>>> print(open('my_file_33.pdb').read())   # PDB, C-alpha atoms
MODEL        1
ATOM      1  CA  MET A  87     -82.278 -10.407  61.626
ATOM      2  CA  LEU A  88     -79.086 -10.265  59.585
ATOM      3  CA  THR A  89     -78.847 -12.272  56.397
ATOM      4  CA  LYS A  90     -76.108 -14.889  56.160
ATOM      5  CA  GLY A  91     -74.034 -12.702  53.790
ATOM      6  CA  VAL A  92     -74.314  -9.548  55.879
ATOM      7  CA  GLN A  93     -73.452 -11.499  59.022
ATOM      8  CA  TYR A  94     -70.416 -12.984  57.278
ATOM      9  CA  LEU A  95     -69.413  -9.511  56.041
ATOM     10  CA  TRP A  96     -69.494  -8.179  59.614
ATOM     11  CA  GLU A  97     -67.338 -11.086  60.770
ATOM     12  CA  ILE A  98     -64.757 -10.229  58.092
ATOM     13  CA  ILE A  99     -64.850  -6.531  59.003
ATOM     14  CA  SER A 100     -64.292  -7.320  62.683
ATOM     15  CA  LEU A 101     -61.368  -9.623  61.813
ATOM     16  CA  GLU A 102     -59.728  -7.215  59.377
ATOM     17  CA  GLY A 103     -60.673  -4.078  61.289
ATOM     18  CA  SER A 104     -61.797  -2.272  58.165
ATOM     19  CA  VAL A 105     -65.006  -1.570  56.328
ATOM     20  CA  MET A 106     -62.877  -1.364  53.177
ATOM     21  CA  ALA A 107     -62.807  -5.134  52.701
ATOM     22  CA  SER A 108     -63.828  -5.525  49.085
ATOM     23  CA  LEU A 109     -66.915  -7.506  48.246
ATOM     24  CA  THR A 110     -64.820  -9.616  45.892
ATOM     25  CA  ARG A 111     -62.486 -10.633  48.698
ATOM     26  CA  VAL A 112     -65.393 -11.266  51.054
ATOM     27  CA  ILE A 113     -67.087 -13.587  48.543
ATOM     28  CA  GLU A 114     -63.764 -15.330  47.877
ATOM     29  CA  ASN A 115     -63.214 -15.859  51.617
ATOM     30  CA  TYR A 116     -66.768 -17.136  52.008
ATOM     31  CA  ILE A 117     -66.258 -19.760  49.294
ATOM     32  CA  ASN A 118     -62.847 -20.743  50.695
ATOM     33  CA  ASN A 119     -64.435 -21.145  54.135
ATOM     34  CA  LEU A 120     -67.009 -23.484  52.587
ATOM     35  CA  PHE A 121     -64.121 -25.672  51.428
ATOM     36  CA  SER A 122     -62.663 -25.648  54.948
ATOM     37  CA  GLU A 123     -65.964 -26.309  56.720
ATOM     38  CA  MET A 124     -66.997 -29.122  54.397
ATOM     39  CA  ASP A 125     -63.480 -30.584  54.147
ATOM     40  CA  GLU A 126     -64.247 -31.507  50.539
ATOM     41  CA  GLN A 127     -62.442 -31.031  47.235
ATOM     42  CA  ALA A 128     -65.608 -29.671  45.565
ATOM     43  CA  VAL A 129     -68.279 -27.135  46.528
ATOM     44  CA  SER A 130     -71.581 -26.704  44.706
ATOM     45  CA  LEU A 131     -73.349 -23.341  44.769
ATOM     46  CA  ARG A 132     -76.134 -21.471  43.027
ATOM     47  CA  ARG A 133     -75.037 -18.153  41.534
ATOM     48  CA  LYS A 134     -78.384 -16.455  42.195
ATOM     49  CA  GLU A 135     -78.518 -17.571  45.843
ATOM     50  CA  LEU A 136     -74.945 -16.439  46.445
ATOM     51  CA  ALA A 137     -75.738 -13.044  44.899
ATOM     52  CA  GLU A 138     -78.782 -12.710  47.167
ATOM     53  CA  ILE A 139     -76.710 -13.598  50.239
ATOM     54  CA  PHE A 140     -74.236 -10.791  49.501
ATOM     55  CA  GLY A 141     -76.729  -8.327  48.039
ATOM     56  CA  CYS A 142     -74.988  -8.078  44.693
ATOM     57  CA  VAL A 143     -75.695  -8.938  41.071
ATOM     58  CA  PRO A 144     -74.844 -12.402  39.700
ATOM     59  CA  SER A 145     -72.190 -10.859  37.436
ATOM     60  CA  GLN A 146     -70.207  -9.975  40.600
ATOM     61  CA  ILE A 147     -70.204 -13.689  41.460
ATOM     62  CA  ASN A 148     -69.025 -14.433  37.902
ATOM     63  CA  TYR A 149     -66.171 -11.958  38.342
ATOM     64  CA  VAL A 150     -65.060 -13.589  41.605
ATOM     65  CA  LEU A 151     -65.127 -17.034  39.990
ATOM     66  CA  ARG A 152     -63.203 -15.905  36.881
ATOM     67  CA  SER A 153     -60.565 -13.950  38.794
ATOM     68  CA  ARG A 154     -60.102 -15.866  42.053
ATOM     69  CA  PHE A 155     -60.913 -19.504  41.248
ATOM     70  CA  THR A 156     -58.712 -20.210  38.248
ATOM     71  CA  PRO A 157     -56.587 -23.229  37.309
ATOM     72  CA  GLU A 158     -53.507 -21.124  38.078
ATOM     73  CA  ARG A 159     -54.798 -20.797  41.628
ATOM     74  CA  GLY A 160     -55.658 -24.480  41.844
ATOM     75  CA  TYR A 161     -59.362 -24.535  40.967
ATOM     76  CA  ILE A 162     -61.642 -25.614  38.154
ATOM     77  CA  VAL A 163     -65.102 -24.063  37.907
ATOM     78  CA  GLU A 164     -67.929 -25.958  36.250
ATOM     79  CA  SER A 165     -71.108 -24.087  35.497
ATOM     80  CA  GLN A 166     -74.567 -25.020  34.286
ATOM     81  CA  ARG A 167     -76.913 -22.214  33.380
ATOM     82  CA  GLY A 168     -80.689 -22.248  33.455
ATOM     83  CA  GLY A 169     -83.424 -22.378  36.075
ATOM     84  CA  HIS A 170     -81.701 -25.012  38.164
ATOM     85  CA  GLY A 171     -78.185 -23.988  37.189
ATOM     86  CA  TYR A 172     -75.330 -24.456  39.573
ATOM     87  CA  ILE A 173     -71.673 -23.664  40.017
ATOM     88  CA  ARG A 174     -69.326 -26.406  41.083
ATOM     89  CA  ILE A 175     -65.838 -25.398  42.189
ATOM     90  CA  LEU A 176     -63.249 -28.162  42.297
ATOM     91  CA  ARG A 177     -60.051 -27.712  44.259
ATOM     92  CA  LEU A 178     -57.161 -29.354  42.431
ATOM     93  CA  CYS A 179     -55.079 -31.701  44.533
ATOM     94  CA  TYR A 180     -51.892 -33.288  43.262
ATOM     95  CA  ASP A 181     -50.506 -36.061  45.389
ATOM     96  CA  ILE A 182     -48.657 -37.741  42.531
ATOM     97  CA  PRO A 183     -45.646 -35.816  41.104
ATOM     98  CA  GLU A 184     -46.670 -36.624  37.510
ATOM     99  CA  GLU A 185     -50.027 -34.908  38.093
ATOM    100  CA  LYS A 186     -48.208 -31.793  39.335
ATOM    101  CA  ILE A 187     -45.982 -31.835  36.254
ATOM    102  CA  ASN A 188     -48.964 -32.115  33.893
ATOM    103  CA  HIS A 189     -50.676 -29.243  35.707
ATOM    104  CA  ILE A 190     -47.519 -27.123  35.474
ATOM    105  CA  ASP A 191     -47.196 -27.796  31.730
ATOM    106  CA  GLU A 192     -50.844 -26.831  31.179
ATOM    107  CA  ILE A 193     -50.804 -23.576  33.116
ATOM    108  CA  VAL A 194     -47.405 -22.350  31.883
ATOM    109  CA  GLY A 195     -48.035 -23.170  28.225
ATOM    110  CA  ASP A 196     -45.622 -22.433  25.395
ATOM    111  CA  ALA A 197     -44.908 -18.812  26.331
ATOM    112  CA  ILE A 198     -45.275 -16.728  29.484
ATOM    113  CA  THR A 199     -44.747 -13.025  30.217
ATOM    114  CA  ASP A 200     -42.911 -11.706  33.270
ATOM    115  CA  GLN A 201     -46.173 -10.646  34.926
ATOM    116  CA  GLU A 202     -47.883 -13.970  34.240
ATOM    117  CA  ALA A 203     -44.886 -15.843  35.645
ATOM    118  CA  LYS A 204     -44.875 -13.727  38.814
ATOM    119  CA  ARG A 205     -48.621 -14.255  39.332
ATOM    120  CA  LEU A 206     -48.216 -17.996  38.787
ATOM    121  CA  LEU A 207     -45.272 -18.254  41.184
ATOM    122  CA  THR A 208     -47.156 -16.285  43.843
ATOM    123  CA  SER A 209     -50.130 -18.608  43.435
ATOM    124  CA  LEU A 210     -47.926 -21.696  43.680
ATOM    125  CA  GLN A 211     -46.377 -20.294  46.849
ATOM    126  CA  GLU A 212     -49.812 -19.547  48.349
ATOM    127  CA  ARG A 213     -50.846 -23.141  47.567
ATOM    128  CA  GLU A 214     -47.612 -24.321  49.244
ATOM    129  CA  ILE A 215     -46.387 -26.069  46.096
ATOM    130  CA  ILE A 216     -43.204 -23.989  46.301
ATOM    131  CA  CYS A 217     -41.691 -22.015  49.176
ATOM    132  CA  SER A 218     -40.754 -18.324  49.127
ATOM    133  CA  ARG A 219     -37.074 -19.099  48.595
ATOM    134  CA  GLU A 220     -37.812 -21.277  45.559
ATOM    135  CA  ARG A 221     -40.093 -18.583  44.159
ATOM    136  CA  LEU A 222     -37.388 -15.948  44.562
ATOM    137  CA  LEU A 223     -34.719 -18.124  42.892
ATOM    138  CA  ILE A 224     -37.006 -18.862  39.954
ATOM    139  CA  GLU A 225     -37.893 -15.168  39.560
ATOM    140  CA  VAL A 226     -34.184 -14.238  39.507
ATOM    141  CA  ALA A 227     -33.428 -16.922  36.894
ATOM    142  CA  LEU A 228     -36.341 -15.791  34.696
ATOM    143  CA  ARG A 229     -35.333 -12.140  34.986
ATOM    144  CA  HIS A 230     -31.739 -13.026  34.052
ATOM    145  CA  ALA A 231     -32.893 -15.048  31.021
ATOM    146  CA  ASP A 232     -35.104 -12.147  29.922
ATOM    147  CA  ASP A 233     -32.275  -9.611  30.372
ATOM    148  CA  LEU A 234     -29.887 -11.772  28.334
ATOM    149  CA  GLY A 235     -32.471 -12.264  25.630
ATOM    150  CA  SER A 236     -33.221  -8.567  25.290
ATOM    151  CA  SER A 237     -29.710  -7.114  25.616
ATOM    152  CA  GLU A 238     -27.045  -9.675  24.724
ATOM    153  CA  PHE A 239     -28.802 -11.754  22.091
ATOM    154  CA  ASP A 240     -31.527  -9.390  20.786
ATOM    155  CA  VAL A 241     -34.227 -12.078  20.899
ATOM    156  CA  SER A 242     -37.821 -11.106  20.017
ATOM    157  CA  PRO A 243     -40.258 -10.663  22.916
ATOM    158  CA  TYR A 244     -42.231 -13.769  21.863
ATOM    159  CA  LYS A 245     -39.082 -15.901  21.793
ATOM    160  CA  ARG A 246     -38.052 -14.532  25.203
ATOM    161  CA  ASN A 247     -41.478 -15.490  26.586
ATOM    162  CA  ALA A 248     -41.072 -18.975  25.075
ATOM    163  CA  ILE A 249     -37.615 -19.330  26.637
ATOM    164  CA  GLN A 250     -38.976 -18.165  30.003
ATOM    165  CA  ALA A 251     -41.835 -20.685  29.777
ATOM    166  CA  GLU A 252     -39.450 -23.553  29.052
ATOM    167  CA  LEU A 253     -37.085 -22.499  31.855
ATOM    168  CA  LEU A 254     -39.990 -22.115  34.283
ATOM    169  CA  LYS A 255     -41.417 -25.539  33.395
ATOM    170  CA  ARG A 256     -38.023 -27.206  33.812
ATOM    171  CA  MET A 257     -37.432 -25.620  37.201
ATOM    172  CA  LEU A 258     -40.922 -26.438  38.473
ATOM    173  CA  ARG A 259     -40.738 -30.012  37.155
ATOM    174  CA  SER A 260     -37.441 -30.493  39.010
ATOM    175  CA  LEU A 261     -39.001 -29.212  42.224
ATOM    176  CA  ALA A 262     -42.063 -31.434  41.761
ATOM    177  CA  LEU A 263     -39.879 -34.510  41.385
ATOM    178  CA  ALA A 264     -37.513 -33.607  44.246
TER     179      ALA A 264
ENDMDL
END
>>> encode(input="my_file_33.pdb", output="structure tokens")
Amino acid sequence: MLTKGVQYLWEIISLEGSVMASLTRVIENYINNLFSEMDEQAVSLRRKELAEIFGCVPSQINYVLRSRFTPERGYIVESQRGGHGYIRILRLCYDIPEEKINHIDEIVGDAITDQEAKRLLTSLQEREIICSRERLLIEVALRHADDLGSSEFDVSPYKRNAIQAELLKRMLRSLALA
């Protein structure tokens, strides 16, 4: 008899046609499917049980939670350690434009690098907060601001990151209110 995790792994392999599906991605898909099946904004899990399902160590579960279920990707993870510890993953949902704006301000912060901005924009596109065209336009504007700051005005890297953060927040706020 196959365990739940192994059975799920075989389902993923048959869908993707590859044994190379990483365990991290499989665990991520499993948790995302729990959200879909339960049609809830929160899922509660036990780290140890999840590790047993997938035949891995609990630190692998920690890695998946830290890298795939972040505020930038639209999640908050609550954790309680101990014998009856649990993990609760909350999916962020912003129906009110002001909530979106507050979330944008929090995740962008006061300064943002090119790579961080690209990851954030990709995440926002995956969450359907922005479309691919909006993402591309924002990336072009940020790249142009960075190029001007480094070549024309000789602005320090920190100041350029601060300028990019402010530009990014303004553009995303405008889209949220549109």
>>> residues_around(input="my_file_33.pdb", residues="stretch 127-134 of chain A", least_positions_apart="6", cutoff="8 Å", atoms="all atoms listed in the file", output="list of chain:residue names")
A:Leu120, A:Phe121, A:Pro144, A:Ile147, A:Asn148, A:Gly171, A:Tyr172, A:Ile173, A:Arg174, A:Ile175, A:Leu176, A:Arg177, A:Leu178, A:Cys179
>>> atom_distance(input="my_file_33.pdb", atom1="atom CA of A:Ala203", atom2="atom CA of A:Leu109")
26.7 Å
>>> residues_near_point(input="my_file_33.pdb", point="(-33.0, -13.5, 30.8)", cutoff="12 Å", atoms="only C-alpha atoms", output="short mmCIF file (atom, residue, chain, number, x, y, z; two decimals) with C-alpha atoms, in the coordinates of the input")
data_model
loop_
_atom_site.label_atom_id
_atom_site.label_comp_id
_atom_site.auth_asym_id
_atom_site.auth_seq_id
_atom_site.Cartn_x
_atom_site.Cartn_y
_atom_site.Cartn_z
CA THR A 199 -44.75 -13.02 30.22
CA ASP A 200 -42.91 -11.71 33.27
CA ILE A 224 -37.01 -18.86 39.95
CA GLU A 225 -37.89 -15.17 39.56
CA VAL A 226 -34.18 -14.24 39.51
CA ALA A 227 -33.43 -16.92 36.89
CA LEU A 228 -36.34 -15.79 34.70
CA ARG A 229 -35.33 -12.14 34.99
CA HIS A 230 -31.74 -13.03 34.05
CA ALA A 231 -32.89 -15.05 31.02
CA ASP A 232 -35.10 -12.15 29.92
CA ASP A 233 -32.28 -9.61 30.37
CA LEU A 234 -29.89 -11.77 28.33
CA GLY A 235 -32.47 -12.26 25.63
CA SER A 236 -33.22 -8.57 25.29
CA SER A 237 -29.71 -7.11 25.62
CA GLU A 238 -27.04 -9.68 24.72
CA PHE A 239 -28.80 -11.75 22.09
CA ASP A 240 -31.53 -9.39 20.79
CA VAL A 241 -34.23 -12.08 20.90
CA PRO A 243 -40.26 -10.66 22.92
CA LYS A 245 -39.08 -15.90 21.79
CA ARG A 246 -38.05 -14.53 25.20
CA ASN A 247 -41.48 -15.49 26.59
CA ALA A 248 -41.07 -18.98 25.08
CA ILE A 249 -37.62 -19.33 26.64
CA GLN A 250 -38.98 -18.16 30.00
CA ALA A 251 -41.84 -20.68 29.78
CA LEU A 253 -37.08 -22.50 31.86
CA LEU A 254 -39.99 -22.12 34.28
#
>>> atom_distance(input="my_file_33.pdb", atom1="atom CA of A:Ile198", atom2="atom CA of A:Arg256")
13.5 Å
>>> axis_aligned_box(input="my_file_33.pdb", around="stretch 214-218 of chain A", padding_each_side="8 Å", output="lines of an AutoDock Vina configuration file")
center_x = -44.2
center_y = -22.2
center_z = 47.7
size_x = 22.9
size_y = 23.7
size_z = 19.1
>>> atom_distance(input="my_file_33.pdb", atom1="atom CA of A:Arg159", atom2="atom CA of A:Ser218")
16.1 Å
>>> resolve_selection(input="my_file_33.pdb", expression="the PyMOL selection byres ((chain A and resi 180-189) around 6)", output="PDB file with C-alpha atoms, in the frame of the given file")
ATOM      1  CA  CYS A 179     -55.079 -31.701  44.533  1.00  0.00           C
ATOM      2  CA  ILE A 190     -47.519 -27.123  35.474  1.00  0.00           C
ATOM      3  CA  ASP A 191     -47.196 -27.796  31.730  1.00  0.00           C
ATOM      4  CA  GLU A 192     -50.844 -26.831  31.179  1.00  0.00           C
ATOM      5  CA  ARG A 259     -40.738 -30.012  37.155  1.00  0.00           C
ATOM      6  CA  ALA A 262     -42.063 -31.434  41.761  1.00  0.00           C
ATOM      7  CA  LEU A 263     -39.879 -34.510  41.385  1.00  0.00           C
TER       8      LEU A 263
END
>>> closest_residue(input="my_file_33.pdb", among="A:Glu212, A:Glu202, A:Asp196, A:Glu135", to="A:Glu252", atoms="all atoms listed in the file")
A:Asp196
>>> residues_around(input="my_file_33.pdb", residues="A:Arg111", least_positions_apart="5", cutoff="10 Å", atoms="all atoms listed in the file", output="PDB file with C-alpha atoms, in the frame of the given file")
ATOM      1  CA  ILE A  98     -64.757 -10.229  58.092  1.00  0.00           C
ATOM      2  CA  TYR A 116     -66.768 -17.136  52.008  1.00  0.00           C
ATOM      3  CA  ILE A 117     -66.258 -19.760  49.294  1.00  0.00           C
ATOM      4  CA  VAL A 150     -65.060 -13.589  41.605  1.00  0.00           C
ATOM      5  CA  ARG A 154     -60.102 -15.866  42.053  1.00  0.00           C
TER       6      ARG A 154
END
>>> closest_residue(input="my_file_33.pdb", among="A:Arg221, A:Arg152, A:Arg167, A:Lys255", to="A:Ser209", atoms="only C-alpha atoms")
A:Arg221
>>> closest_residue(input="my_file_33.pdb", among="A:Cys142, A:Met124, A:Leu136, A:Leu207", to="A:Glu158", atoms="only C-alpha atoms")
A:Leu207
>>> closest_residue(input="my_file_33.pdb", among="A:Gln166, A:Glu114, A:Glu123, A:Ala137", to="A:Leu151", atoms="all atoms listed in the file")
A:Glu114
>>> build_atoms(input="my_file_33.pdb", residues="stretch 127-159 of chain A", atoms="N, CA and C atoms", output="PDB file, in the frame of the given file")
ATOM      1  N   GLN A 127     -63.209 -31.563  48.359  1.00  0.00           N
ATOM      2  CA  GLN A 127     -62.442 -31.031  47.235  1.00  0.00           C
ATOM      3  C   GLN A 127     -63.343 -30.336  46.221  1.00  0.00           C
ATOM      4  N   ALA A 128     -64.666 -30.331  46.467  1.00  0.00           N
ATOM      5  CA  ALA A 128     -65.608 -29.671  45.565  1.00  0.00           C
ATOM      6  C   ALA A 128     -66.721 -29.019  46.381  1.00  0.00           C
ATOM      7  N   VAL A 129     -67.178 -27.852  45.906  1.00  0.00           N
ATOM      8  CA  VAL A 129     -68.279 -27.135  46.528  1.00  0.00           C
ATOM      9  C   VAL A 129     -69.269 -26.791  45.431  1.00  0.00           C
ATOM     10  N   SER A 130     -70.532 -27.056  45.664  1.00  0.00           N
ATOM     11  CA  SER A 130     -71.581 -26.704  44.706  1.00  0.00           C
ATOM     12  C   SER A 130     -72.383 -25.531  45.248  1.00  0.00           C
ATOM     13  N   LEU A 131     -72.630 -24.559  44.396  1.00  0.00           N
ATOM     14  CA  LEU A 131     -73.349 -23.341  44.769  1.00  0.00           C
ATOM     15  C   LEU A 131     -74.339 -22.964  43.682  1.00  0.00           C
ATOM     16  N   ARG A 132     -75.248 -22.078  44.020  1.00  0.00           N
ATOM     17  CA  ARG A 132     -76.134 -21.471  43.027  1.00  0.00           C
ATOM     18  C   ARG A 132     -75.768 -19.988  42.959  1.00  0.00           C
ATOM     19  N   ARG A 133     -75.489 -19.531  41.747  1.00  0.00           N
ATOM     20  CA  ARG A 133     -75.037 -18.153  41.534  1.00  0.00           C
ATOM     21  C   ARG A 133     -76.058 -17.158  42.091  1.00  0.00           C
ATOM     22  N   LYS A 134     -77.338 -17.388  41.776  1.00  0.00           N
ATOM     23  CA  LYS A 134     -78.384 -16.455  42.195  1.00  0.00           C
ATOM     24  C   LYS A 134     -78.486 -16.392  43.718  1.00  0.00           C
ATOM     25  N   GLU A 135     -78.433 -17.547  44.379  1.00  0.00           N
ATOM     26  CA  GLU A 135     -78.518 -17.571  45.843  1.00  0.00           C
ATOM     27  C   GLU A 135     -77.319 -16.870  46.477  1.00  0.00           C
ATOM     28  N   LEU A 136     -76.141 -17.086  45.919  1.00  0.00           N
ATOM     29  CA  LEU A 136     -74.945 -16.439  46.445  1.00  0.00           C
ATOM     30  C   LEU A 136     -75.037 -14.918  46.270  1.00  0.00           C
ATOM     31  N   ALA A 137     -75.556 -14.481  45.131  1.00  0.00           N
ATOM     32  CA  ALA A 137     -75.738 -13.044  44.899  1.00  0.00           C
ATOM     33  C   ALA A 137     -76.730 -12.453  45.896  1.00  0.00           C
ATOM     34  N   GLU A 138     -77.799 -13.192  46.197  1.00  0.00           N
ATOM     35  CA  GLU A 138     -78.782 -12.710  47.167  1.00  0.00           C
ATOM     36  C   GLU A 138     -78.182 -12.625  48.572  1.00  0.00           C
ATOM     37  N   ILE A 139     -77.353 -13.601  48.920  1.00  0.00           N
ATOM     38  CA  ILE A 139     -76.710 -13.598  50.239  1.00  0.00           C
ATOM     39  C   ILE A 139     -75.881 -12.334  50.430  1.00  0.00           C
ATOM     40  N   PHE A 140     -75.137 -11.936  49.384  1.00  0.00           N
ATOM     41  CA  PHE A 140     -74.236 -10.791  49.501  1.00  0.00           C
ATOM     42  C   PHE A 140     -74.823  -9.491  48.962  1.00  0.00           C
ATOM     43  N   GLY A 141     -76.074  -9.543  48.510  1.00  0.00           N
ATOM     44  CA  GLY A 141     -76.729  -8.327  48.039  1.00  0.00           C
ATOM     45  C   GLY A 141     -76.042  -7.722  46.835  1.00  0.00           C
ATOM     46  N   CYS A 142     -75.654  -8.574  45.896  1.00  0.00           N
ATOM     47  CA  CYS A 142     -74.988  -8.078  44.693  1.00  0.00           C
ATOM     48  C   CYS A 142     -75.636  -8.727  43.470  1.00  0.00           C
ATOM     49  N   VAL A 143     -75.180  -8.354  42.306  1.00  0.00           N
ATOM     50  CA  VAL A 143     -75.695  -8.938  41.071  1.00  0.00           C
ATOM     51  C   VAL A 143     -74.920 -10.214  40.753  1.00  0.00           C
ATOM     52  N   PRO A 144     -75.539 -11.155  40.042  1.00  0.00           N
ATOM     53  CA  PRO A 144     -74.844 -12.402  39.700  1.00  0.00           C
ATOM     54  C   PRO A 144     -73.543 -12.192  38.927  1.00  0.00           C
ATOM     55  N   SER A 145     -73.430 -11.098  38.181  1.00  0.00           N
ATOM     56  CA  SER A 145     -72.190 -10.859  37.436  1.00  0.00           C
ATOM     57  C   SER A 145     -71.010 -10.629  38.384  1.00  0.00           C
ATOM     58  N   GLN A 146     -71.273 -10.130  39.602  1.00  0.00           N
ATOM     59  CA  GLN A 146     -70.207  -9.975  40.600  1.00  0.00           C
ATOM     60  C   GLN A 146     -69.693 -11.348  41.015  1.00  0.00           C
ATOM     61  N   ILE A 147     -70.596 -12.313  41.131  1.00  0.00           N
ATOM     62  CA  ILE A 147     -70.204 -13.689  41.460  1.00  0.00           C
ATOM     63  C   ILE A 147     -69.365 -14.245  40.312  1.00  0.00           C
ATOM     64  N   ASN A 148     -69.799 -13.983  39.078  1.00  0.00           N
ATOM     65  CA  ASN A 148     -69.025 -14.433  37.902  1.00  0.00           C
ATOM     66  C   ASN A 148     -67.613 -13.872  37.940  1.00  0.00           C
ATOM     67  N   TYR A 149     -67.486 -12.591  38.285  1.00  0.00           N
ATOM     68  CA  TYR A 149     -66.171 -11.958  38.342  1.00  0.00           C
ATOM     69  C   TYR A 149     -65.281 -12.652  39.374  1.00  0.00           C
ATOM     70  N   VAL A 150     -65.834 -12.918  40.550  1.00  0.00           N
ATOM     71  CA  VAL A 150     -65.060 -13.589  41.605  1.00  0.00           C
ATOM     72  C   VAL A 150     -64.595 -14.957  41.113  1.00  0.00           C
ATOM     73  N   LEU A 151     -65.480 -15.693  40.473  1.00  0.00           N
ATOM     74  CA  LEU A 151     -65.127 -17.034  39.990  1.00  0.00           C
ATOM     75  C   LEU A 151     -64.050 -16.967  38.916  1.00  0.00           C
ATOM     76  N   ARG A 152     -64.183 -16.022  37.973  1.00  0.00           N
ATOM     77  CA  ARG A 152     -63.203 -15.905  36.881  1.00  0.00           C
ATOM     78  C   ARG A 152     -61.849 -15.404  37.362  1.00  0.00           C
ATOM     79  N   SER A 153     -61.836 -14.552  38.380  1.00  0.00           N
ATOM     80  CA  SER A 153     -60.565 -13.950  38.794  1.00  0.00           C
ATOM     81  C   SER A 153     -59.899 -14.661  39.978  1.00  0.00           C
ATOM     82  N   ARG A 154     -60.669 -15.304  40.836  1.00  0.00           N
ATOM     83  CA  ARG A 154     -60.102 -15.866  42.053  1.00  0.00           C
ATOM     84  C   ARG A 154     -60.070 -17.394  42.088  1.00  0.00           C
ATOM     85  N   PHE A 155     -60.848 -18.043  41.233  1.00  0.00           N
ATOM     86  CA  PHE A 155     -60.913 -19.504  41.248  1.00  0.00           C
ATOM     87  C   PHE A 155     -60.517 -20.044  39.875  1.00  0.00           C
ATOM     88  N   THR A 156     -59.252 -19.848  39.556  1.00  0.00           N
ATOM     89  CA  THR A 156     -58.712 -20.210  38.248  1.00  0.00           C
ATOM     90  C   THR A 156     -57.820 -21.444  38.372  1.00  0.00           C
ATOM     91  N   PRO A 157     -57.525 -22.095  37.253  1.00  0.00           N
ATOM     92  CA  PRO A 157     -56.587 -23.229  37.309  1.00  0.00           C
ATOM     93  C   PRO A 157     -55.222 -22.828  37.863  1.00  0.00           C
ATOM     94  N   GLU A 158     -54.780 -21.601  37.564  1.00  0.00           N
ATOM     95  CA  GLU A 158     -53.507 -21.124  38.078  1.00  0.00           C
ATOM     96  C   GLU A 158     -53.506 -21.071  39.600  1.00  0.00           C
ATOM     97  N   ARG A 159     -54.671 -20.858  40.168  1.00  0.00           N
ATOM     98  CA  ARG A 159     -54.798 -20.797  41.628  1.00  0.00           C
ATOM     99  C   ARG A 159     -55.226 -22.139  42.217  1.00  0.00           C
TER     100      ARG A 159
END
